[in-house]
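structure-v6.csv follows; it contains CSV, C-alpha atoms and all ligand atoms.
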chain,number,residue,atom,x,y,z
A,1,MET,CA,-45.9,112.2,99.3
A,2,VAL,CA,-45.1,108.5,99.1
A,3,THR,CA,-45.7,107.0,95.6
A,4,PRO,CA,-47.7,103.8,96.0
A,5,LEU,CA,-45.9,100.5,95.1
A,6,SER,CA,-47.6,98.2,92.7
A,7,TRP,CA,-46.8,94.5,92.2
A,8,ASN,CA,-46.4,94.9,88.4
A,9,LYS,CA,-43.4,92.8,87.8
A,10,THR,CA,-40.5,94.1,85.6
A,11,SER,CA,-37.2,92.3,85.0
A,12,THR,CA,-35.9,94.2,88.0
A,13,GLY,CA,-38.7,93.2,90.3
A,14,LEU,CA,-41.5,95.4,91.7
A,15,SER,CA,-42.1,98.6,89.8
A,16,ARG,CA,-43.7,101.8,91.0
A,17,SER,CA,-47.1,102.6,89.7
A,18,THR,CA,-48.7,106.0,89.4
A,19,SER,CA,-52.2,104.5,89.5
A,20,THR,CA,-54.2,106.0,92.3
A,21,VAL,CA,-57.6,105.5,90.9
A,22,PRO,CA,-59.4,102.2,90.2
A,23,PRO,CA,-59.2,100.9,86.6
A,24,ALA,CA,-62.2,101.4,84.3
A,25,PRO,CA,-64.9,98.7,84.5
A,26,LEU,CA,-64.8,95.7,82.3
A,27,PRO,CA,-67.6,95.2,79.8
A,28,CYS,CA,-70.7,94.8,82.1
A,29,PRO,CA,-72.1,91.3,82.7
A,30,GLN,CA,-75.9,91.0,82.4
A,31,GLY,CA,-77.7,92.7,85.2
A,32,CYS,CA,-74.9,94.6,86.9
A,33,ASN,CA,-75.6,98.0,88.3
A,34,GLY,CA,-73.3,101.0,88.9
A,35,GLU,CA,-69.6,100.7,89.6
A,36,PRO,CA,-67.8,97.5,90.4
A,37,LEU,CA,-67.1,96.9,94.1
A,38,ILE,CA,-64.1,94.6,93.4
A,39,ARG,CA,-61.8,94.9,90.4
A,40,LEU,CA,-59.1,92.4,89.5
A,41,ARG,CA,-56.8,93.3,86.6
A,42,GLY,CA,-54.1,90.9,85.3
A,43,VAL,CA,-54.0,89.1,88.6
A,44,THR,CA,-51.1,86.7,88.4
A,45,LYS,CA,-49.6,84.4,91.1
A,46,ARG,CA,-46.4,82.5,90.7
A,47,TYR,CA,-45.2,80.2,93.4
A,48,ARG,CA,-41.6,79.4,93.8
A,49,THR,CA,-41.2,75.6,94.1
A,50,ALA,CA,-38.2,73.2,94.2
A,51,ALA,CA,-39.1,72.3,90.6
A,52,GLY,CA,-39.1,76.0,89.5
A,53,ASP,CA,-41.7,78.7,89.3
A,54,PHE,CA,-45.3,77.5,89.1
A,55,THR,CA,-48.0,79.9,87.7
A,56,ALA,CA,-51.2,79.3,89.7
A,57,LEU,CA,-53.0,82.3,88.3
A,58,SER,CA,-52.4,83.8,84.9
A,59,GLY,CA,-53.7,87.3,84.4
A,60,ILE,CA,-57.2,87.2,85.8
A,61,ASP,CA,-59.5,90.1,85.0
A,62,LEU,CA,-62.7,90.3,87.0
A,63,ASP,CA,-65.3,92.8,88.2
A,64,VAL,CA,-67.7,92.1,91.1
A,65,TYR,CA,-70.7,94.4,91.6
A,66,PRO,CA,-72.4,95.3,94.9
A,67,GLY,CA,-75.0,92.8,95.9
A,68,GLU,CA,-73.7,90.0,93.7
A,69,PHE,CA,-73.6,86.4,94.9
A,70,VAL,CA,-70.7,85.0,92.9
A,71,GLY,CA,-70.0,81.3,92.9
A,72,ILE,CA,-66.5,80.2,91.8
A,73,PHE,CA,-66.2,76.6,90.5
A,74,GLY,CA,-63.3,74.5,89.2
A,75,LYS,CA,-61.4,71.3,89.7
A,76,SER,CA,-59.0,70.8,92.6
A,77,GLY,CA,-55.8,72.8,91.8
A,78,ALA,CA,-57.6,75.2,89.4
A,79,GLY,CA,-56.5,78.2,91.5
A,80,LYS,CA,-59.7,79.0,93.4
A,81,THR,CA,-58.1,79.4,96.9
A,82,THR,CA,-55.1,81.3,95.3
A,83,LEU,CA,-57.6,83.7,93.8
A,84,ILE,CA,-59.4,84.2,97.1
A,85,ASN,CA,-56.0,84.8,98.8
A,86,MET,CA,-55.2,87.5,96.2
A,87,LEU,CA,-58.5,89.4,96.5
A,88,THR,CA,-58.4,89.3,100.3
A,89,GLY,CA,-54.7,90.4,100.3
A,90,VAL,CA,-53.8,87.3,102.4
A,91,ASP,CA,-51.0,86.6,100.0
A,92,HIS,CA,-49.0,88.8,97.6
A,93,LEU,CA,-49.7,89.2,93.9
A,94,SER,CA,-46.9,88.4,91.5
A,95,ALA,CA,-48.4,90.8,89.0
A,96,GLY,CA,-51.6,92.7,88.5
A,97,GLU,CA,-53.9,94.8,90.6
A,98,VAL,CA,-56.7,94.3,93.1
A,99,TRP,CA,-59.0,97.1,93.9
A,100,VAL,CA,-61.9,97.1,96.4
A,101,ASN,CA,-63.9,100.3,96.1
A,102,SER,CA,-61.1,102.9,95.8
A,103,THR,CA,-58.6,100.9,97.8
A,104,SER,CA,-55.8,99.2,96.0
A,105,ILE,CA,-54.7,96.2,98.1
A,106,GLN,CA,-51.2,96.1,96.6
A,107,ASN,CA,-50.5,99.6,97.8
A,108,GLN,CA,-51.0,98.9,101.5
A,109,ASP,CA,-48.6,97.6,104.0
A,110,GLU,CA,-49.4,94.6,106.3
A,111,ASN,CA,-50.7,96.7,109.2
A,112,GLN,CA,-53.0,98.7,106.9
A,113,LEU,CA,-54.1,95.5,105.3
A,114,VAL,CA,-55.1,93.9,108.6
A,115,LEU,CA,-57.3,96.8,109.5
A,116,TRP,CA,-58.7,97.2,106.0
A,117,ARG,CA,-59.5,93.5,105.8
A,118,GLY,CA,-61.1,93.5,109.2
A,119,ARG,CA,-63.5,96.3,108.3
A,120,ASN,CA,-64.3,95.4,104.7
A,121,LEU,CA,-64.1,91.6,104.4
A,122,GLY,CA,-65.6,88.7,106.3
A,123,ILE,CA,-63.6,85.6,105.4
A,124,ILE,CA,-64.8,82.1,105.9
A,125,TYR,CA,-62.5,79.2,105.4
A,126,GLN,CA,-63.3,75.6,104.9
A,127,SER,CA,-61.2,74.7,108.0
A,128,PHE,CA,-63.0,77.3,110.1
A,129,TYR,CA,-59.8,78.5,111.8
A,130,LEU,CA,-61.5,79.2,115.1
A,131,MET,CA,-59.2,80.0,118.0
A,132,PRO,CA,-59.3,76.7,120.1
A,133,THR,CA,-58.6,78.4,123.4
A,134,LEU,CA,-61.3,81.0,123.1
A,135,SER,CA,-65.0,80.6,123.7
A,136,LEU,CA,-67.4,80.9,120.8
A,137,LEU,CA,-68.3,84.3,122.1
A,138,HIS,CA,-64.7,85.5,122.2
A,139,ASN,CA,-64.0,84.0,118.8
A,140,VAL,CA,-66.8,86.2,117.4
A,141,MET,CA,-65.6,89.2,119.3
A,142,LEU,CA,-62.0,88.9,118.1
A,143,PRO,CA,-62.4,90.9,114.8
A,144,MET,CA,-64.1,93.6,116.7
A,145,ASP,CA,-61.3,93.8,119.2
A,146,VAL,CA,-58.7,94.0,116.4
A,147,CYS,CA,-60.5,96.7,114.5
A,148,GLY,CA,-61.9,98.7,117.4
A,149,LEU,CA,-65.1,99.6,115.7
A,150,TYR,CA,-67.2,98.7,118.7
A,151,ARG,CA,-66.8,99.4,122.4
A,152,ARG,CA,-66.2,96.4,124.6
A,153,GLY,CA,-69.7,96.1,126.0
A,154,VAL,CA,-71.2,96.7,122.6
A,155,SER,CA,-68.9,94.1,120.9
A,156,GLU,CA,-69.9,91.5,123.5
A,157,GLN,CA,-73.6,92.1,122.9
A,158,ARG,CA,-73.1,92.2,119.2
A,159,ALA,CA,-71.2,88.8,119.3
A,160,MET,CA,-74.1,87.3,121.2
A,161,ASP,CA,-76.6,88.7,118.7
A,162,LEU,CA,-74.6,87.2,115.8
A,163,LEU,CA,-74.4,83.8,117.6
A,164,ARG,CA,-78.2,84.0,117.9
A,165,LEU,CA,-78.4,84.7,114.2
A,166,VAL,CA,-76.6,81.4,113.5
A,167,GLU,CA,-78.7,79.7,116.3
A,168,LEU,CA,-75.8,79.1,118.6
A,169,GLU,CA,-76.5,81.5,121.4
A,170,GLU,CA,-76.9,78.8,124.0
A,171,HIS,CA,-73.4,77.5,123.2
A,172,ALA,CA,-71.7,80.9,123.5
A,173,PHE,CA,-69.4,80.0,126.4
A,174,LYS,CA,-68.2,76.7,125.0
A,175,LEU,CA,-64.9,76.1,123.3
A,176,PRO,CA,-64.9,75.2,119.6
A,177,SER,CA,-63.8,71.7,120.4
A,178,ALA,CA,-67.1,71.1,122.2
A,179,ILE,CA,-69.3,71.7,119.2
A,180,SER,CA,-69.8,70.0,115.9
A,181,GLY,CA,-68.2,70.8,112.5
A,182,GLY,CA,-71.4,72.4,111.2
A,183,GLN,CA,-71.8,74.4,114.4
A,184,GLN,CA,-68.1,75.6,114.1
A,185,GLN,CA,-68.8,76.7,110.5
A,186,ARG,CA,-71.7,78.7,111.8
A,187,VAL,CA,-69.5,80.3,114.4
A,188,ALA,CA,-67.1,81.2,111.5
A,189,ILE,CA,-69.9,82.9,109.7
A,190,ALA,CA,-70.9,84.8,112.8
A,191,ARG,CA,-67.2,85.9,113.2
A,192,ALA,CA,-67.1,86.9,109.5
A,193,LEU,CA,-70.1,89.2,110.1
A,194,ALA,CA,-68.6,90.7,113.3
A,195,ASN,CA,-67.6,94.1,111.8
A,196,ASP,CA,-70.6,94.2,109.5
A,197,PRO,CA,-68.4,94.0,106.4
A,198,PRO,CA,-69.9,94.7,103.0
A,199,ILE,CA,-68.1,91.7,101.4
A,200,ILE,CA,-68.1,88.1,102.5
A,201,VAL,CA,-65.6,85.8,101.0
A,202,ALA,CA,-66.0,82.1,101.6
A,203,ASP,CA,-63.7,79.3,100.4
A,204,GLU,CA,-65.7,76.0,100.3
A,205,PRO,CA,-67.7,76.9,103.4
A,206,THR,CA,-69.8,73.8,103.1
A,207,GLY,CA,-67.2,71.4,101.8
A,208,ARG,CA,-66.9,69.4,105.0
A,209,LEU,CA,-70.6,69.5,106.0
A,210,ASP,CA,-73.5,67.1,105.4
A,211,SER,CA,-76.1,68.2,102.9
A,212,VAL,CA,-78.6,69.4,105.4
A,213,THR,CA,-76.1,71.5,107.3
A,214,ALA,CA,-74.7,72.8,104.1
A,215,GLU,CA,-78.1,74.0,103.0
A,216,THR,CA,-78.6,75.8,106.3
A,217,ILE,CA,-75.3,77.6,105.7
A,218,PHE,CA,-76.3,78.4,102.1
A,219,GLN,CA,-79.6,79.8,103.3
A,220,ILE,CA,-77.7,82.2,105.7
A,221,PHE,CA,-75.7,83.4,102.7
A,222,ILE,CA,-78.9,84.0,100.7
A,223,GLN,CA,-80.3,86.1,103.5
A,224,LEU,CA,-77.1,88.1,103.7
A,225,VAL,CA,-77.2,88.8,100.0
A,226,ALA,CA,-80.9,89.9,100.4
A,227,GLN,CA,-79.6,92.3,103.1
A,228,GLY,CA,-77.2,93.9,100.6
A,229,LYS,CA,-74.0,92.0,101.2
A,230,THR,CA,-71.8,90.9,98.3
A,231,ILE,CA,-70.6,87.3,98.5
A,232,ILE,CA,-67.9,85.5,96.7
A,233,MET,CA,-68.0,81.7,97.4
A,234,VAL,CA,-65.8,78.9,96.2
A,235,THR,CA,-67.6,75.6,96.1
A,236,HIS,CA,-67.4,72.2,94.5
A,237,ASP,CA,-71.1,71.8,94.7
A,238,ARG,CA,-72.4,72.1,91.2
A,239,ASN,CA,-76.0,72.0,92.5
A,240,LEU,CA,-75.4,75.5,93.8
A,241,ALA,CA,-74.5,76.9,90.3
A,242,HIS,CA,-78.1,77.9,89.4
A,243,ARG,CA,-78.7,79.4,92.9
A,244,VAL,CA,-76.0,82.1,92.9
A,245,SER,CA,-76.3,85.2,90.8
A,246,ARG,CA,-73.2,84.5,88.7
A,247,THR,CA,-70.9,81.5,88.2
A,248,LEU,CA,-67.3,81.6,87.3
A,249,TYR,CA,-65.4,78.5,86.2
A,250,MET,CA,-61.7,78.3,86.7
A,251,THR,CA,-59.3,75.9,84.9
A,252,ASP,CA,-55.5,75.9,85.3
A,253,GLY,CA,-55.3,79.4,86.8
A,254,GLU,CA,-57.6,81.0,84.2
A,255,MET,CA,-61.3,82.0,84.1
A,256,ALA,CA,-62.6,79.5,81.7
A,257,ASP,CA,-66.2,80.5,81.6
A,258,SER,CA,-68.8,82.6,83.4
A,259,SER,CA,-72.5,82.8,83.3
A,260,SER,CA,-75.1,85.0,84.9
A,261,ASN,CA,-78.3,83.9,86.5
A,262,ALA,CA,-79.6,87.5,86.8
B,301,LIG,N1,-47.8,77.7,98.5
B,301,LIG,C1,-47.8,77.1,97.4
B,301,LIG,N2,-46.6,76.7,96.8
B,301,LIG,C2,-46.6,76.1,95.6
B,301,LIG,N3,-47.7,75.8,94.9
B,301,LIG,C3,-48.9,76.1,95.4
B,301,LIG,C4,-49.0,76.7,96.7
B,301,LIG,N4,-50.3,76.9,96.9
B,301,LIG,C5,-51.0,76.4,95.9
B,301,LIG,N5,-50.1,75.9,95.0
B,301,LIG,C6,-50.5,75.3,93.7
B,301,LIG,O1,-51.3,76.2,93.0
B,301,LIG,C7,-52.3,75.5,92.3
B,301,LIG,C8,-53.7,76.1,92.7
B,301,LIG,O2,-53.9,75.8,94.1
B,301,LIG,P1,-55.2,76.3,94.8
B,301,LIG,O3,-55.0,75.9,96.3
B,301,LIG,O4,-55.5,77.7,94.5
B,301,LIG,O5,-56.3,75.3,94.1
B,301,LIG,P2,-57.8,75.1,94.4
B,301,LIG,O6,-58.5,75.4,93.1
B,301,LIG,O7,-58.2,76.0,95.6
B,301,LIG,O8,-57.9,73.6,94.7
B,301,LIG,P3,-58.9,72.8,95.8
B,301,LIG,O9,-60.2,72.7,95.1
B,301,LIG,O10,-58.2,71.5,95.9
B,301,LIG,O11,-58.9,73.6,97.0
B,301,LIG,C9,-52.2,74.1,92.6
B,301,LIG,O12,-51.5,73.4,91.6
B,301,LIG,C10,-51.4,74.1,93.9
B,301,LIG,O13,-50.6,72.9,94.0
B,302,MG,MG,-58.9,75.5,97.5
Spell out the structure here as structure tokens.
Amino acid sequence: MVTPLSWNKTSTGLSRSTSTVPPAPLPCPQGCNGEPLIRLRGVTKRYRTAAGDFTALSGIDLDVYPGEFVGIFGKSGAGKTTLINMLTGVDHLSAGEVWVNSTSIQNQDENQLVLWRGRNLGIIYQSFYLMPTLSLLHNVMLPMDVCGLYRRGVSEQRAMDLLRLVELEEHAFKLPSAISGGQQQRVAIARALANDPPIIVADEPTGRLDSVTAETIFQIFIQLVAQGKTIIMVTHDRNLAHRVSRTLYMTDGEMADSSSNA
């Protein structure tokens, strides 16, 4: 049996971990139920720069429970995107652990991570990252093609249904360049929902949108939480703080404060 690798740093580099079960929950915030869905323990990220190592995250501990709508706030450079990249496995930890259900992200290779991410996470970036040469329909089908959870005919119908959900069905065969920024963001949401993931992670999904379009996007998120999804959203919009179920404030790579609206 292969012993899983962890990213716990020692003076010699990566060490092996015997940990095959998720860590015990942290003290429970107000209103949480059952077991955490996401557990971060000692999550640390150091970037190597020309000026030396820079610590962007220092030992973050966090539990997120099923059905939570978590808003992450903090100044530019606080480490919000870095944290998102750690919990989605898009970038490697320097130290610590990330568990989603009973899966430890640090113990998976890149191929396993791609499939795991595709099935469990819907990721929405501020810059949309739509494929410019694919129609909106094919952009939404892409995660389904990668993970193979749906047959071709089914995935096409599903993509169309998702485009209808975000009110873009009539634009399905256009390229991303032929629609507005707000519409592109809605396509990115449809794509994030393609494999019906339990968790949606969004990094400033409304940052580039006008307030009316941003509210439309936020309403879609509220509906998704009502349907049982768990959402983690980075935002600069302080007005949203009282509208999510929990707020986390980051400063200089640390969790400075948190409060629950439950
Ligand atoms: N690849 C990298 N190499 C070196 N430093 C980096 C790298 N990525 C991020 N950083 C640094 O890490 C810190 C945290 O960056 P991060 O992008 O997580 O901030 P943020 O809170 O998302 O900011 P913003 O609100 O502007 O998006 C910043 O000081 C940033 O300059
Ligand atoms: Mg960022």
Check: How would you write, as an MDAnalysis selection string, the set of residues no farther than 8 Å from ligand MG 302 (chain B) when counting all atoms listed in the file?
Finding: chainID A and resid 76:77 79:82 203:204 234
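Distances from A:Gly153, A:Gly52, A:Gly122, A:Pro132 to Leu224 in chain A were compared using only C-alpha atoms, and the smallest one belongs to A:Gly122.
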Check: Could you tell me, as a PyMOL selection string, which residues have any atom at most 6 Å from (-72.2, 86.0, 89.8), counting all atoms listed in the file?
Finding: chain A and resi 68-70+245-247+260
Mind running chain A against ligand LIG 301 (chain B) at 10 Å and telling me each contacting residue's nearest atom pair with the distance in Å (one decimal), counting all atoms listed in the file, chain and number ascending, as CSV?
residue,atom,partner,partner_atom,distance
A:Lys45,CA,B:LIG301,O1,8.6
A:Arg46,CA,B:LIG301,N3,8.0
A:Tyr47,CA,B:LIG301,C2,4.9
A:Arg48,CA,B:LIG301,C2,6.3
A:Thr49,CA,B:LIG301,C2,5.6
A:Ala50,CA,B:LIG301,C2,9.0
A:Ala51,CA,B:LIG301,C2,9.8
A:Gly52,CA,B:LIG301,C2,9.7
A:Asp53,CA,B:LIG301,C2,8.4
A:Phe54,CA,B:LIG301,N3,6.5
A:Thr55,CA,B:LIG301,O1,7.3
A:Ala56,CA,B:LIG301,O1,4.5
A:Leu57,CA,B:LIG301,C8,7.6
A:Ile72,CA,B:LIG301,O6,9.4
A:Phe73,CA,B:LIG301,O6,8.2
A:Gly74,CA,B:LIG301,O6,6.2
A:Lys75,CA,B:LIG301,O9,5.7
A:Ser76,CA,B:LIG301,O9,3.4
A:Gly77,CA,B:LIG301,O5,3.4
A:Ala78,CA,B:LIG301,O6,3.8
A:Gly79,CA,B:LIG301,O4,3.2
A:Lys80,CA,B:LIG301,O6,3.8
A:Thr81,CA,B:LIG301,O7,3.6
A:Thr82,CA,B:LIG301,O4,3.7
A:Leu83,CA,B:LIG301,O4,6.4
A:Ile84,CA,B:LIG301,O4,8.0
A:Asn85,CA,B:LIG301,O4,8.3
A:Met86,CA,B:LIG301,O4,10.0
A:Asp91,CA,B:LIG301,N1,9.6
A:Gln126,CA,B:LIG301,O11,9.3
A:Asp203,CA,B:LIG301,O7,8.0
A:Glu204,CA,B:LIG301,O11,7.9
A:Gly207,CA,B:LIG301,O9,9.8
A:Val234,CA,B:LIG301,O7,8.2
A:Thr235,CA,B:LIG301,O9,8.0
A:His236,CA,B:LIG301,O9,7.2
A:Met250,CA,B:LIG301,O6,7.7
A:Thr251,CA,B:LIG301,O6,8.3
A:Asp252,CA,B:LIG301,C8,7.6
A:Gly253,CA,B:LIG301,C8,6.9
Margin query: (-65.7, 89.6, 117.8) in this file's frame - what residues fall within 7 Å of it? Use only C-alpha atoms and give the answer as a ChimeraX atom specification.
Written below: /A:138-145,155,159,191,194
Check: For Ala178 in chain A, which residue among A:Thr88, A:Ser135, A:Val114, A:Val154 is the nearest when counting all atoms listed in the file?
Finding: A:Ser135
